[in-house]
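Q: Handing you this structure, nothing more for now.
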Amino acid sequence: MASANIRPGALLPDDFDASVQTTGAYSGAIVPAGPGVTIPVPPAGDREGDPVRLTEQQMLINQRIAQAAVRRANALIEWLDTGLAGPDIKDAGIGTAALAPGISIASTSASLTPPPSGKPSGGGRGGGGGGDVSLTESQMVTNQRISQAAVVRLNSVRAILEGSLSGAEVQDGGIGVTNLAP
């Protein structure tokens, strides 16, 4: 994560650890969302390749893909809820434009050990269990619901990232001197 991903004027003094001393007071000015991260979405359309065959094996494959997407989306949401910290932010990646209006860096000192990354270890492989999958309307509805859950969760992550990150997505004390641009 770098300054370009953080809303200009979003960081407050409590977002910095003890290696960064700030001065001034937040002016209370409302800072509009920045450009955020653009996430390209490939257009739907005809695709070359082998046709998908309606088989129990294909239904199981689709279900596992959707379940993996849900797990990964949940891990991203948990990461943002926990808050970003030093290891999640590019070294020298935070510029002064990210500071809230009225706040400036007074001084810096030797870097302390940053808080651990808020990135959860989850979101990896699933159990891989071979649950029974059959070619039924009920099974198709189950697969559809799992896929829809993944889309809903990922759309919420996308909305956060495209709106740019604020100090709310940073752990208190999560940004250290090594994260500041020179």
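Residue numbers start at 1 in each chain; chains themselves are named A, B, ... in the order of the structure tokens; ligands are numbered from 1 in the order shown.
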What's around Ala18 of chain A at 9 Å? Count only C-alpha atoms, leave out sequence neighbours fewer than 5 positions away in its own chain, and write the answer as number ranges by chain.
A: A: 108-109, 111-112, 173, 176-177
Q: Identify which of the residues A:Ser134, A:Ser164, A:Ser104, A:Asn5 lies closest to Ser27 of chain A, counting only C-alpha atoms when measuring atom-to-atom distances.
A: A:Ser104
Q: For each of A:Ala73, A:Ile30, A:Ala66, A:Ala10, take the minimum atom-to-atom distance to Leu154 of chain A, counting only C-alpha atoms, then give the residue where this is smallest.
A: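 With only C-alpha atoms as the atom set, the closest residue is A:Ala73.
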Q: DSSP on the backbone, then: every residue of segment 49-87 of chain A marked helix (DSSP H, G or I), written as a list in words.
A: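 Secondary structure check on segment 49-87 of chain A, helix (DSSP H, G or I): Glu56, Gln57, Gln58, Met59, Leu60, Ile61, Asn62, Gln63, Arg64, Ile65, Ala66, Gln67, Ala68, Ala69, Val70, Arg71, Arg72, Ala73, Asn74, Ala75, Leu76, Ile77, Glu78, Trp79, Leu80, Asp81, Thr82, Gly86 and Pro87 of chain A.
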Q: Write the residues of the preceding selection, restricted to N, CA, C and O atoms, as a short mmCIF file (atom, residue, chain, number, x, y, z; two decimals), in the first residue's frame.
A:
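again-v9.cif, freshly written:
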```
data_model
loop_
_atom_site.label_atom_id
_atom_site.label_comp_id
_atom_site.auth_asym_id
_atom_site.auth_seq_id
_atom_site.Cartn_x
_atom_site.Cartn_y
_atom_site.Cartn_z
N GLU A 56 -21.21 -33.83 -12.87
CA GLU A 56 -21.05 -33.73 -11.42
C GLU A 56 -19.66 -33.21 -11.08
O GLU A 56 -19.49 -32.41 -10.16
N GLN A 57 -18.66 -33.68 -11.84
CA GLN A 57 -17.29 -33.23 -11.59
C GLN A 57 -17.16 -31.72 -11.82
O GLN A 57 -16.54 -31.01 -11.03
N GLN A 58 -17.78 -31.21 -12.90
CA GLN A 58 -17.71 -29.77 -13.17
C GLN A 58 -18.45 -28.98 -12.10
O GLN A 58 -18.00 -27.92 -11.68
N MET A 59 -19.57 -29.51 -11.61
CA MET A 59 -20.30 -28.83 -10.53
C MET A 59 -19.44 -28.74 -9.28
O MET A 59 -19.41 -27.72 -8.60
N LEU A 60 -18.71 -29.82 -8.96
CA LEU A 60 -17.84 -29.82 -7.78
C LEU A 60 -16.70 -28.83 -7.96
O LEU A 60 -16.36 -28.08 -7.04
N ILE A 61 -16.13 -28.78 -9.16
CA ILE A 61 -15.05 -27.82 -9.45
C ILE A 61 -15.56 -26.40 -9.26
O ILE A 61 -14.93 -25.58 -8.60
N ASN A 62 -16.72 -26.10 -9.84
CA ASN A 62 -17.28 -24.76 -9.71
C ASN A 62 -17.56 -24.40 -8.26
O ASN A 62 -17.33 -23.28 -7.82
N GLN A 63 -18.08 -25.36 -7.50
CA GLN A 63 -18.38 -25.12 -6.09
C GLN A 63 -17.09 -24.81 -5.32
O GLN A 63 -17.05 -23.90 -4.51
N ARG A 64 -16.04 -25.56 -5.58
CA ARG A 64 -14.77 -25.33 -4.87
C ARG A 64 -14.16 -23.98 -5.23
O ARG A 64 -13.60 -23.29 -4.37
N ILE A 65 -14.27 -23.57 -6.49
CA ILE A 65 -13.77 -22.27 -6.90
C ILE A 65 -14.53 -21.16 -6.17
O ILE A 65 -13.94 -20.22 -5.64
N ALA A 66 -15.84 -21.29 -6.12
CA ALA A 66 -16.67 -20.28 -5.44
C ALA A 66 -16.36 -20.25 -3.94
O ALA A 66 -16.29 -19.17 -3.34
N GLN A 67 -16.19 -21.40 -3.33
CA GLN A 67 -15.86 -21.45 -1.90
C GLN A 67 -14.51 -20.78 -1.63
O GLN A 67 -14.36 -20.06 -0.64
N ALA A 68 -13.54 -21.01 -2.50
CA ALA A 68 -12.23 -20.38 -2.35
C ALA A 68 -12.35 -18.86 -2.47
O ALA A 68 -11.71 -18.10 -1.73
N ALA A 69 -13.20 -18.40 -3.39
CA ALA A 69 -13.41 -16.95 -3.55
C ALA A 69 -14.03 -16.35 -2.29
O ALA A 69 -13.65 -15.26 -1.86
N VAL A 70 -14.98 -17.05 -1.68
CA VAL A 70 -15.59 -16.57 -0.43
C VAL A 70 -14.54 -16.49 0.67
O VAL A 70 -14.46 -15.49 1.40
N ARG A 71 -13.71 -17.53 0.81
CA ARG A 71 -12.67 -17.52 1.86
C ARG A 71 -11.70 -16.36 1.65
O ARG A 71 -11.33 -15.67 2.60
N ARG A 72 -11.29 -16.13 0.42
CA ARG A 72 -10.34 -15.05 0.15
C ARG A 72 -10.97 -13.68 0.38
O ARG A 72 -10.32 -12.78 0.91
N ALA A 73 -12.22 -13.53 -0.02
CA ALA A 73 -12.92 -12.27 0.22
C ALA A 73 -13.06 -12.01 1.72
O ALA A 73 -12.83 -10.89 2.19
N ASN A 74 -13.41 -13.04 2.47
CA ASN A 74 -13.53 -12.90 3.93
C ASN A 74 -12.19 -12.49 4.53
O ASN A 74 -12.14 -11.68 5.46
N ALA A 75 -11.09 -13.07 4.03
CA ALA A 75 -9.76 -12.73 4.55
C ALA A 75 -9.43 -11.27 4.26
O ALA A 75 -8.87 -10.57 5.11
N LEU A 76 -9.77 -10.77 3.06
CA LEU A 76 -9.53 -9.36 2.74
C LEU A 76 -10.34 -8.43 3.63
O LEU A 76 -9.84 -7.42 4.12
N ILE A 77 -11.60 -8.78 3.85
CA ILE A 77 -12.46 -7.96 4.71
C ILE A 77 -11.90 -7.95 6.14
O ILE A 77 -11.83 -6.90 6.79
N GLU A 78 -11.48 -9.11 6.63
CA GLU A 78 -10.89 -9.18 7.97
C GLU A 78 -9.63 -8.33 8.06
O GLU A 78 -9.41 -7.63 9.05
N TRP A 79 -8.81 -8.35 7.02
CA TRP A 79 -7.58 -7.58 6.98
C TRP A 79 -7.89 -6.09 7.08
O TRP A 79 -7.30 -5.36 7.87
N LEU A 80 -8.85 -5.62 6.29
CA LEU A 80 -9.20 -4.21 6.33
C LEU A 80 -9.86 -3.83 7.65
O LEU A 80 -9.65 -2.74 8.17
N ASP A 81 -10.65 -4.75 8.22
CA ASP A 81 -11.28 -4.48 9.52
C ASP A 81 -10.25 -4.41 10.64
O ASP A 81 -10.37 -3.59 11.56
N THR A 82 -9.24 -5.28 10.59
CA THR A 82 -8.17 -5.28 11.60
C THR A 82 -7.34 -4.02 11.47
O THR A 82 -6.90 -3.46 12.46
N GLY A 86 2.42 -1.10 9.55
CA GLY A 86 3.70 -0.90 8.89
C GLY A 86 4.06 -1.91 7.82
O GLY A 86 4.37 -1.55 6.69
N PRO A 87 4.02 -3.22 8.12
CA PRO A 87 4.41 -4.20 7.10
C PRO A 87 3.48 -4.23 5.88
O PRO A 87 3.87 -4.70 4.82
#
```
